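These notes are about the structure you will find just below.
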Amino acid sequence: EAKEAGPGLVRSFEPVMLYARQLRREMASDLRNAVERNEFRLAYQPVVDLVTGQMHGVEVLLRWEHPTQGLTMPDSFIPLAEASGAIVGIGRWVLRTALEQLSAWRADGQDKEGFHIRVNVSASELQSMDLVDYVRGVLRDTGTEPQDLVLEITESALVGSGDVETYSMQALKALGIRLEIDDFGTGYSSISYLRRLPVHAVKVDRELIAEISRDKGQLHFVDAVHRLIQAAGLEAVFEGVETAQQAAMLQEMGCCHGQGYYFSRPLTAGQTGALLASGDRLPLAPEPLV
Ligand code: C2E
Ligand code: MG
Ligand code: MG
Ligand code: MG
């Protein structure tokens, strides 16, 4: 009896696997054409100075308007784009579009002194030898400055990073671009990276602060992580700030920068420009502290 159930299971499982594989193949080929079909959009999420409440910069977040599946979020296509190699072309489109946007805000007199644009970069982009030349070219074409740009590199991308990645990072730094470790504290990297890599800031993963208003131990732990980052001579940015309590606790610790739904959701370019021009503090409608 059991013997019959076995092969039966396999028979019904196989079509599902094949279907999943076919979907992946289709998505991979859709991804290869998405740039030229103009299906990508950028969203901009404010990074806030916790002391002044002013927008210190924005993180650029990719969105895909898939012709049949509609708005598609990066977690469901970035890994595939990385695996297929399409990420290199996509990443270049992101970088160029983001810096063109910065230049447009500037031309409208909307941006402020010291405003940064943060762009996410995958490991495979760091491995492409001509990334540095490409970045230099886009800065020149858009009339933007290296110090306007921060490249966020996820912690997991840095695990096992070799000579090429280190070379790219050194060369980008030499250009005057700032590098930041993203999603710090959840991957498998060693804390010695904080001193070894040519980065100027660390973005702490939202998982670390999720429970700080309920869990005293976690609050002390995050405080220690913050001091560790400072001891390494780096700036700290806390992502995933969702409540007024979290913002207040980070401020109490002396943290300088935060990002999250509490301050603002990711915005369109138009909304970001308007916010920049207004000089308004964030959050726009603060929740009462309880
Ligand atoms: P990330 O770089 O860590 O970006 C932060 C993610 O957290 C974004 O998700 C953002 O919308 C979300 N987020 C912001 N504030 C909050 C909050 O308060 N609570 C919660 N729960 N989430 C918050 P998103 O836009 O879905 O992007 C996911 C990831 O995809 C990014 O994580 C980044 O690793 C990757 N990604 C996004 N755009 C690009 C890109 O242009 N290139 C590359 N290579 N990766 C990208
Ligand atoms: Mg990021
Ligand atoms: Mg992050
Ligand atoms: Mg993340």
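Every chain in the structure tokens takes a letter, A first, then B, and so on in the order presented; its residues are numbered from 1, and the ligands are numbered from 1 following the presented order.
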Next on the checklist: Can you tell me which residues surround Glu211 of chain A at a distance of at most 12 Å, considering only C-alpha atoms, apart from same-chain residues fewer than 2 positions away, and format the answer as a PyMOL selection string?
Outcome noted: chain A and resi 206-209+213-222+240-243+245-246+249
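With a cut-off of 7 Å and using only C-alpha atoms and all ligand atoms, the polymer residues contacting ligand 2 are Glu59, Asn120, Glu152 and Asp182 of chain A.
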Produce a table with one row for each residue of chain A that has an atom at most 6 Å from any atom of ligand 1, each row naming the nearest atom pair and its distance in Å at one decimal; use only C-alpha atoms and all ligand atoms; arrange rows by chain and rising residue number; format as JSON lines.
```
{"residue": "A:Leu61", "atom": "CA", "partner": "ligand 1", "partner_atom_place_in_ligand_line": "38 (N)", "distance": 3.9}
{"residue": "A:Leu62", "atom": "CA", "partner": "ligand 1", "partner_atom_place_in_ligand_line": "38 (N)", "distance": 4.0}
{"residue": "A:Met73", "atom": "CA", "partner": "ligand 1", "partner_atom_place_in_ligand_line": "26 (O)", "distance": 5.3}
{"residue": "A:Pro74", "atom": "CA", "partner": "ligand 1", "partner_atom_place_in_ligand_line": "30 (O)", "distance": 4.5}
{"residue": "A:Asp75", "atom": "CA", "partner": "ligand 1", "partner_atom_place_in_ligand_line": "30 (O)", "distance": 5.1}
{"residue": "A:Gly91", "atom": "CA", "partner": "ligand 1", "partner_atom_place_in_ligand_line": "42 (N)", "distance": 5.7}
{"residue": "A:Val94", "atom": "CA", "partner": "ligand 1", "partner_atom_place_in_ligand_line": "41 (O)", "distance": 5.6}
{"residue": "A:Asn120", "atom": "CA", "partner": "ligand 1", "partner_atom_place_in_ligand_line": "42 (N)", "distance": 4.5}
{"residue": "A:Val121", "atom": "CA", "partner": "ligand 1", "partner_atom_place_in_ligand_line": "44 (N)", "distance": 4.4}
{"residue": "A:Ser122", "atom": "CA", "partner": "ligand 1", "partner_atom_place_in_ligand_line": "44 (N)", "distance": 4.3}
{"residue": "A:Asp183", "atom": "CA", "partner": "ligand 1", "partner_atom_place_in_ligand_line": "3 (O)", "distance": 5.6}
{"residue": "A:Gly240", "atom": "CA", "partner": "ligand 1", "partner_atom_place_in_ligand_line": "18 (O)", "distance": 3.5}
{"residue": "A:Val241", "atom": "CA", "partner": "ligand 1", "partner_atom_place_in_ligand_line": "18 (O)", "distance": 4.8}
{"residue": "A:Glu242", "atom": "CA", "partner": "ligand 1", "partner_atom_place_in_ligand_line": "18 (O)", "distance": 4.5}
{"residue": "A:Gly260", "atom": "CA", "partner": "ligand 1", "partner_atom_place_in_ligand_line": "18 (O)", "distance": 3.4}
{"residue": "A:Tyr261", "atom": "CA", "partner": "ligand 1", "partner_atom_place_in_ligand_line": "18 (O)", "distance": 3.8}
```
How about saving the chosen residues, N, CA, C and O atoms kept, as a PDB file, in the first residue's frame?
```
ATOM      1  N   LEU A  61      14.279  52.742  -3.629  1.00  0.00           N
ATOM      2  CA  LEU A  61      13.753  51.375  -3.577  1.00  0.00           C
ATOM      3  C   LEU A  61      13.057  51.039  -4.892  1.00  0.00           C
ATOM      4  O   LEU A  61      12.195  51.784  -5.371  1.00  0.00           O
ATOM      5  N   LEU A  62      13.451  49.914  -5.453  1.00  0.00           N
ATOM      6  CA  LEU A  62      12.999  49.531  -6.789  1.00  0.00           C
ATOM      7  C   LEU A  62      11.618  48.882  -6.762  1.00  0.00           C
ATOM      8  O   LEU A  62      11.317  48.089  -5.875  1.00  0.00           O
ATOM      9  N   MET A  73       7.276  43.596  -5.731  1.00  0.00           N
ATOM     10  CA  MET A  73       8.255  44.151  -4.794  1.00  0.00           C
ATOM     11  C   MET A  73       9.615  43.459  -4.942  1.00  0.00           C
ATOM     12  O   MET A  73       9.687  42.309  -5.359  1.00  0.00           O
ATOM     13  N   PRO A  74      10.678  44.162  -4.588  1.00  0.00           N
ATOM     14  CA  PRO A  74      12.028  43.660  -4.868  1.00  0.00           C
ATOM     15  C   PRO A  74      12.343  42.281  -4.286  1.00  0.00           C
ATOM     16  O   PRO A  74      13.052  41.512  -4.918  1.00  0.00           O
ATOM     17  N   ASP A  75      11.826  41.967  -3.107  1.00  0.00           N
ATOM     18  CA  ASP A  75      12.173  40.669  -2.526  1.00  0.00           C
ATOM     19  C   ASP A  75      11.725  39.513  -3.419  1.00  0.00           C
ATOM     20  O   ASP A  75      12.277  38.422  -3.334  1.00  0.00           O
ATOM     21  N   GLY A  91      20.654  47.340 -12.026  1.00  0.00           N
ATOM     22  CA  GLY A  91      21.336  48.212 -11.072  1.00  0.00           C
ATOM     23  C   GLY A  91      21.843  49.492 -11.722  1.00  0.00           C
ATOM     24  O   GLY A  91      21.813  50.571 -11.124  1.00  0.00           O
ATOM     25  N   VAL A  94      18.928  51.776 -12.189  1.00  0.00           N
ATOM     26  CA  VAL A  94      18.553  52.376 -10.898  1.00  0.00           C
ATOM     27  C   VAL A  94      19.473  53.556 -10.580  1.00  0.00           C
ATOM     28  O   VAL A  94      19.020  54.658 -10.246  1.00  0.00           O
ATOM     29  N   ASN A 120      20.869  50.841  -3.320  1.00  0.00           N
ATOM     30  CA  ASN A 120      21.260  49.475  -2.960  1.00  0.00           C
ATOM     31  C   ASN A 120      22.074  48.828  -4.085  1.00  0.00           C
ATOM     32  O   ASN A 120      21.714  48.940  -5.256  1.00  0.00           O
ATOM     33  N   VAL A 121      23.122  48.148  -3.702  1.00  0.00           N
ATOM     34  CA  VAL A 121      23.993  47.503  -4.677  1.00  0.00           C
ATOM     35  C   VAL A 121      24.168  46.038  -4.288  1.00  0.00           C
ATOM     36  O   VAL A 121      24.437  45.717  -3.131  1.00  0.00           O
ATOM     37  N   SER A 122      23.982  45.151  -5.260  1.00  0.00           N
ATOM     38  CA  SER A 122      24.138  43.715  -5.006  1.00  0.00           C
ATOM     39  C   SER A 122      25.591  43.286  -5.116  1.00  0.00           C
ATOM     40  O   SER A 122      26.399  43.956  -5.758  1.00  0.00           O
ATOM     41  N   ASP A 183      21.458  46.025   6.418  1.00  0.00           N
ATOM     42  CA  ASP A 183      20.898  44.848   7.114  1.00  0.00           C
ATOM     43  C   ASP A 183      21.877  44.262   8.122  1.00  0.00           C
ATOM     44  O   ASP A 183      21.938  43.044   8.320  1.00  0.00           O
ATOM     45  N   GLY A 240      13.586  50.466   9.914  1.00  0.00           N
ATOM     46  CA  GLY A 240      12.396  49.800  10.454  1.00  0.00           C
ATOM     47  C   GLY A 240      11.829  50.477  11.685  1.00  0.00           C
ATOM     48  O   GLY A 240      11.220  49.823  12.532  1.00  0.00           O
ATOM     49  N   VAL A 241      12.023  51.800  11.813  1.00  0.00           N
ATOM     50  CA  VAL A 241      11.431  52.540  12.932  1.00  0.00           C
ATOM     51  C   VAL A 241       9.937  52.701  12.632  1.00  0.00           C
ATOM     52  O   VAL A 241       9.561  53.349  11.662  1.00  0.00           O
ATOM     53  N   GLU A 242       9.118  52.034  13.425  1.00  0.00           N
ATOM     54  CA  GLU A 242       7.677  52.019  13.146  1.00  0.00           C
ATOM     55  C   GLU A 242       6.854  52.783  14.166  1.00  0.00           C
ATOM     56  O   GLU A 242       5.696  53.089  13.919  1.00  0.00           O
ATOM     57  N   GLY A 260      11.985  54.552   8.540  1.00  0.00           N
ATOM     58  CA  GLY A 260      10.924  53.590   8.794  1.00  0.00           C
ATOM     59  C   GLY A 260       9.549  54.197   8.599  1.00  0.00           C
ATOM     60  O   GLY A 260       9.411  55.411   8.407  1.00  0.00           O
ATOM     61  N   TYR A 261       8.551  53.308   8.653  1.00  0.00           N
ATOM     62  CA  TYR A 261       7.178  53.730   8.384  1.00  0.00           C
ATOM     63  C   TYR A 261       6.707  54.821   9.356  1.00  0.00           C
ATOM     64  O   TYR A 261       5.829  55.605   9.030  1.00  0.00           O
TER      65      TYR A 261
END
```
Checklist entry - Where in segment 24-229 of chain A does DSSP assign strand (DSSP E or B), given as a ChimeraX atom specification? => result /A:40-49,55-66,70-72,116-121,149-154,178-184,201-204
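Proximity ranking of A:Phe238, A:Ala277, A:Tyr262, A:Leu282 relative to ligand 3 places A:Phe238 first, based on only C-alpha atoms and all ligand atoms.
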Item to check | Spatial neighbours of Thr268 of chain A, max dist 8 Å, only C-alpha atoms, sep filter under 6 positions, as a PyMOL selection string | outcome: chain A and resi 42-44
Next on the checklist: Write out as a VMD selection string the set of residues from segment 195-278 of chain A that DSSP, computed on the backbone, places in helix (DSSP H, G or I).
Outcome noted: chain A and resid 195 to 196 206 to 209 216 to 231 244 to 252 269 to 278
